[in-house]
Amino acid sequence: MIIKQIKVGFMEVFCYVLGCEETHKGLLIDPAGDEELILETARASGLSVESVVNTHGHPDHTCGNRKIKEQSGVKIYMHAQDDRLFNTPQGESMAIQMGFTPSPPADVLLNDGDTIPFGEKELAVLHTPGHSPGGICLYVENNLFTGDTLFVGAVGRTDLPGGSLETLLTSIKEKILPLPDDTIIWPGHDYGGSPTSTIALEKKHNPYITDFELT
């Protein structure tokens with residue numbers, strides 16, 4: 001499997017280009033600006049991008065959706081709860097006020113347990129609310145793309161509309177920590193000492209896991 005991690009946009013979000021080596025079909029996770037760089041990275045990897053998946057609906061993670069869709073005809077995937085929350089006049093206004101391009105509505109509404117194909121691979125959707133009501137993590141072949149649910153050594157903020165620290169900690173305990181310890185964590189921002197981690201390292205060093213005794 002092809003994985004490219006790219007830091008994009010003025011909020012320095014990690015966008016991910018994923019690809020199936022057998023079919024050369026790919027998808028994007030959280031295209032958050034620098035759309036030409038993202039698409040060129042996909043092309044340089046020999047990938048035909050068919051879909052965009054958002055880990056949540058906050059505009060810093062979705063602001064590239066419109067341009068990517070216009071240029072590539074991709075389908076946009078988002079959890080149903082965040083699509084309802086952010087694809088509203090109020091959500092569009094918030095994005096514009098923050099300097100972002102609003103995302104079009106999702107083409108495919110996701111729920112916990114859904115899968116998203118790309119070639120012979122597929123992402124498994126884990127609903128992990130707390131940072132936002134429709135936050136998700138995406139699991140494939142021992143890789144977990146955590147968006148703003150879990151960072152390296154931290155977690156996403158919970159003081160935005162629909163956020164809840166208690167809910168976020170429950171999501172981490174019930175959906176993330178049961179995965180194999182050697183699962184690679186690919187976060188939504190480069191806020192830690194390294195751009196990736198593992199579940200084992202987070203169990204040992206992340207204060208939101210150790211101090212709240214989630215293990």
# chains A, B, ... in the order shown; residues from 1 in each chain; ligands from 1
>>> residues_around(residues="A:Arg84", least_positions_apart="3", cutoff="12 Å", atoms="only C-alpha atoms", output="PyMOL selection string")
chain A and resi 56-57+78-81+87-92+104-106+109-110+132-134+162
>>> write_last_selection(atoms="N, CA and C atoms", output="JSON list (two decimals), in the first residue's frame")
[["chain", "number", "residue", "atom", "x", "y", "z"],
["A", 56, "HIS", "N", -13.23, 14.50, 9.87],
["A", 56, "HIS", "CA", -14.29, 15.27, 10.53],
["A", 56, "HIS", "C", -14.58, 16.49, 9.68],
["A", 57, "GLY", "N", -15.56, 17.27, 10.10],
["A", 57, "GLY", "CA", -16.05, 18.33, 9.25],
["A", 57, "GLY", "C", -15.48, 19.71, 9.48],
["A", 78, "MET", "N", -17.95, 11.59, 4.33],
["A", 78, "MET", "CA", -17.90, 12.20, 5.66],
["A", 78, "MET", "C", -18.94, 11.52, 6.54],
["A", 79, "HIS", "N", -18.67, 11.48, 7.83],
["A", 79, "HIS", "CA", -19.66, 10.90, 8.73],
["A", 79, "HIS", "C", -20.94, 11.72, 8.69],
["A", 80, "ALA", "N", -22.06, 11.05, 8.78],
["A", 80, "ALA", "CA", -23.36, 11.70, 8.63],
["A", 80, "ALA", "C", -23.55, 12.83, 9.63],
["A", 81, "GLN", "N", -23.08, 12.65, 10.87],
["A", 81, "GLN", "CA", -23.33, 13.69, 11.89],
["A", 81, "GLN", "C", -22.58, 14.97, 11.57],
["A", 87, "ASN", "N", -22.36, 21.24, 6.93],
["A", 87, "ASN", "CA", -22.86, 21.62, 5.62],
["A", 87, "ASN", "C", -24.21, 22.30, 5.77],
["A", 88, "THR", "N", -24.15, 23.44, 6.42],
["A", 88, "THR", "CA", -25.30, 24.30, 6.68],
["A", 88, "THR", "C", -24.88, 25.74, 6.39],
["A", 89, "PRO", "N", -25.82, 26.66, 6.26],
["A", 89, "PRO", "CA", -25.42, 28.07, 6.08],
["A", 89, "PRO", "C", -24.51, 28.55, 7.22],
["A", 90, "GLN", "N", -24.78, 28.10, 8.43],
["A", 90, "GLN", "CA", -23.95, 28.50, 9.56],
["A", 90, "GLN", "C", -22.54, 27.91, 9.43],
["A", 91, "GLY", "N", -22.48, 26.65, 9.00],
["A", 91, "GLY", "CA", -21.18, 26.02, 8.81],
["A", 91, "GLY", "C", -20.36, 26.68, 7.72],
["A", 92, "GLU", "N", -21.01, 27.02, 6.62],
["A", 92, "GLU", "CA", -20.32, 27.71, 5.53],
["A", 92, "GLU", "C", -19.83, 29.08, 5.98],
["A", 104, "PRO", "N", -18.26, 21.24, -0.35],
["A", 104, "PRO", "CA", -19.59, 20.82, -0.82],
["A", 104, "PRO", "C", -20.15, 19.76, 0.12],
["A", 105, "PRO", "N", -21.44, 19.48, 0.07],
["A", 105, "PRO", "CA", -21.99, 18.39, 0.86],
["A", 105, "PRO", "C", -21.33, 17.06, 0.49],
["A", 106, "ALA", "N", -21.29, 16.16, 1.44],
["A", 106, "ALA", "CA", -20.73, 14.84, 1.17],
["A", 106, "ALA", "C", -21.58, 14.09, 0.16],
["A", 109, "LEU", "N", -22.46, 9.40, 2.93],
["A", 109, "LEU", "CA", -22.52, 9.61, 4.37],
["A", 109, "LEU", "C", -22.09, 8.33, 5.08],
["A", 110, "LEU", "N", -21.14, 8.47, 5.99],
["A", 110, "LEU", "CA", -20.54, 7.32, 6.67],
["A", 110, "LEU", "C", -21.14, 7.10, 8.04],
["A", 132, "SER", "N", -15.40, 16.21, 17.46],
["A", 132, "SER", "CA", -16.64, 16.64, 16.81],
["A", 132, "SER", "C", -17.60, 15.46, 16.86],
["A", 133, "PRO", "N", -18.89, 15.69, 16.68],
["A", 133, "PRO", "CA", -19.84, 14.58, 16.78],
["A", 133, "PRO", "C", -19.62, 13.48, 15.76],
["A", 134, "GLY", "N", -19.14, 13.84, 14.57],
["A", 134, "GLY", "CA", -18.96, 12.86, 13.51],
["A", 134, "GLY", "C", -17.50, 12.55, 13.23],
["A", 162, "GLY", "N", -20.13, 20.82, 19.78],
["A", 162, "GLY", "CA", -20.27, 19.38, 19.64],
["A", 162, "GLY", "C", -19.14, 18.58, 20.25]]
>>> closest_atom_pairs(of="stretch 49-100 of chain A", to="stretch 7-18 of chain A", cutoff="12 Å", atoms="only C-alpha atoms", output="CSV")
residue,atom,partner,partner_atom,distance
A:Val49,CA,A:Val17,CA,8.7
A:Glu50,CA,A:Leu18,CA,10.7
A:Ser51,CA,A:Leu18,CA,10.3
A:Val52,CA,A:Val17,CA,9.5
A:Val53,CA,A:Tyr16,CA,9.7
A:Asn54,CA,A:Cys15,CA,9.8
A:Thr55,CA,A:Cys15,CA,10.4
A:His58,CA,A:Val13,CA,11.3
A:Pro59,CA,A:Met11,CA,10.2
A:Asp60,CA,A:Met11,CA,6.6
A:His61,CA,A:Val13,CA,6.8
A:Thr62,CA,A:Val13,CA,10.1
A:Cys63,CA,A:Gly9,CA,9.0
A:Gly64,CA,A:Gly9,CA,9.1
A:Asn65,CA,A:Cys15,CA,11.6
A:Met98,CA,A:Met11,CA,10.8
A:Gly99,CA,A:Phe10,CA,9.8
A:Phe100,CA,A:Gly9,CA,9.7
>>> select_by_dssp(residues="stretch 31-114 of chain A", states="helix (DSSP H, G or I)", output="PDB file with C-alpha atoms, in the first residue's frame")
ATOM      1  CA  GLU A  35      -4.489  21.163  -3.611  1.00  0.00           C
ATOM      2  CA  GLU A  36      -2.036  21.190  -6.544  1.00  0.00           C
ATOM      3  CA  LEU A  37       0.692  19.723  -4.346  1.00  0.00           C
ATOM      4  CA  ILE A  38      -1.686  16.986  -3.181  1.00  0.00           C
ATOM      5  CA  LEU A  39      -2.794  16.089  -6.702  1.00  0.00           C
ATOM      6  CA  GLU A  40       0.775  16.177  -8.013  1.00  0.00           C
ATOM      7  CA  THR A  41       1.852  13.856  -5.199  1.00  0.00           C
ATOM      8  CA  ALA A  42      -0.871  11.434  -6.248  1.00  0.00           C
ATOM      9  CA  ARG A  43       0.124  11.672  -9.915  1.00  0.00           C
ATOM     10  CA  ALA A  44       3.801  11.182  -9.106  1.00  0.00           C
ATOM     11  CA  PRO A  59     -13.036  23.546   7.763  1.00  0.00           C
ATOM     12  CA  ASP A  60      -9.283  23.312   8.306  1.00  0.00           C
ATOM     13  CA  HIS A  61      -9.582  19.644   7.261  1.00  0.00           C
ATOM     14  CA  THR A  62     -12.155  20.040   4.472  1.00  0.00           C
ATOM     15  CA  ASN A  65     -12.639  19.368  -0.955  1.00  0.00           C
ATOM     16  CA  ARG A  66     -14.283  21.720  -3.430  1.00  0.00           C
ATOM     17  CA  LYS A  67     -11.239  22.289  -5.640  1.00  0.00           C
ATOM     18  CA  ILE A  68     -10.256  18.613  -5.588  1.00  0.00           C
ATOM     19  CA  LYS A  69     -13.806  17.621  -6.538  1.00  0.00           C
ATOM     20  CA  GLU A  70     -13.956  20.187  -9.342  1.00  0.00           C
ATOM     21  CA  GLN A  71     -10.638  19.039 -10.796  1.00  0.00           C
ATOM     22  CA  SER A  72     -10.882  15.294 -10.285  1.00  0.00           C
ATOM     23  CA  ALA A  80     -23.356  11.695   8.633  1.00  0.00           C
ATOM     24  CA  GLN A  81     -23.328  13.687  11.886  1.00  0.00           C
ATOM     25  CA  ASP A  82     -20.601  16.083  10.774  1.00  0.00           C
ATOM     26  CA  ASP A  83     -22.127  16.493   7.328  1.00  0.00           C
ATOM     27  CA  ARG A  84     -25.379  17.594   8.993  1.00  0.00           C
ATOM     28  CA  LEU A  85     -23.516  19.928  11.381  1.00  0.00           C
ATOM     29  CA  PHE A  86     -21.115  21.659   9.011  1.00  0.00           C
ATOM     30  CA  PRO A  89     -25.416  28.068   6.083  1.00  0.00           C
ATOM     31  CA  GLN A  90     -23.946  28.500   9.555  1.00  0.00           C
ATOM     32  CA  GLY A  91     -21.178  26.022   8.814  1.00  0.00           C
ATOM     33  CA  GLU A  92     -20.321  27.705   5.530  1.00  0.00           C
ATOM     34  CA  SER A  93     -20.262  31.101   7.228  1.00  0.00           C
ATOM     35  CA  MET A  94     -17.896  29.803   9.924  1.00  0.00           C
ATOM     36  CA  ALA A  95     -15.530  28.420   7.286  1.00  0.00           C
ATOM     37  CA  ILE A  96     -15.467  31.688   5.363  1.00  0.00           C
ATOM     38  CA  GLN A  97     -14.908  33.754   8.518  1.00  0.00           C
TER      39      GLN A  97
END
>>> residues_around(residues="A:Pro195", least_positions_apart="2", cutoff="10 Å", atoms="only C-alpha atoms", output="MDAnalysis selection string")
chainID A and resid 5 7 14 151:152 185:193 197
>>> residues_around(residues="stretch 125-127 of chain A", least_positions_apart="4", cutoff="6 Å", atoms="only C-alpha atoms", output="list in words")
Asp112, Gly113, Asp114, Thr115, Ile136, Cys137 and Leu138 of chain A
>>> atom_distance(atom1="atom CA of A:Gly163", atom2="atom CA of A:Thr149")
10.7 Å
>>> residues_around(residues="A:Asn206", least_positions_apart="4", cutoff="10 Å", atoms="only C-alpha atoms", output="PyMOL selection string")
chain A and resi 150-155+199-202+210-212
>>> select_by_dssp(residues="chain A", states="strand (DSSP E or B)", output="PyMOL selection string")
chain A and resi 2-8+13-19+25-29+48-53+75-79+108-110+115-118+121-127+136-140+143-147+150-151+154-155+184-187+189+197-198
>>> atom_distance(atom1="atom CA of A:Ile116", atom2="atom CA of A:Lys175")
17.8 Å
>>> closest_residue(among="A:Val74, A:His131, A:Glu22, A:Asn142", to="A:Thr158", atoms="only C-alpha atoms")
A:His131
>>> residues_around(residues="A:Lys173", least_positions_apart="6", cutoff="9 Å", atoms="only C-alpha atoms", output="ChimeraX atom specification")
/A:209,214-215
>>> write_last_selection(atoms="N, CA and C atoms", output="PDB file, in the first residue's frame")
ATOM      1  N   ILE A 209      -4.022   9.258  27.984  1.00  0.00           N
ATOM      2  CA  ILE A 209      -4.268   7.833  28.166  1.00  0.00           C
ATOM      3  C   ILE A 209      -3.773   7.378  29.528  1.00  0.00           C
ATOM      4  N   LEU A 214      -6.847   4.929  30.905  1.00  0.00           N
ATOM      5  CA  LEU A 214      -7.704   4.340  29.878  1.00  0.00           C
ATOM      6  C   LEU A 214      -7.340   2.887  29.577  1.00  0.00           C
ATOM      7  N   THR A 215      -6.125   2.493  29.928  1.00  0.00           N
ATOM      8  CA  THR A 215      -5.707   1.111  29.629  1.00  0.00           C
ATOM      9  C   THR A 215      -5.996   0.184  30.790  1.00  0.00           C
TER      10      THR A 215
END
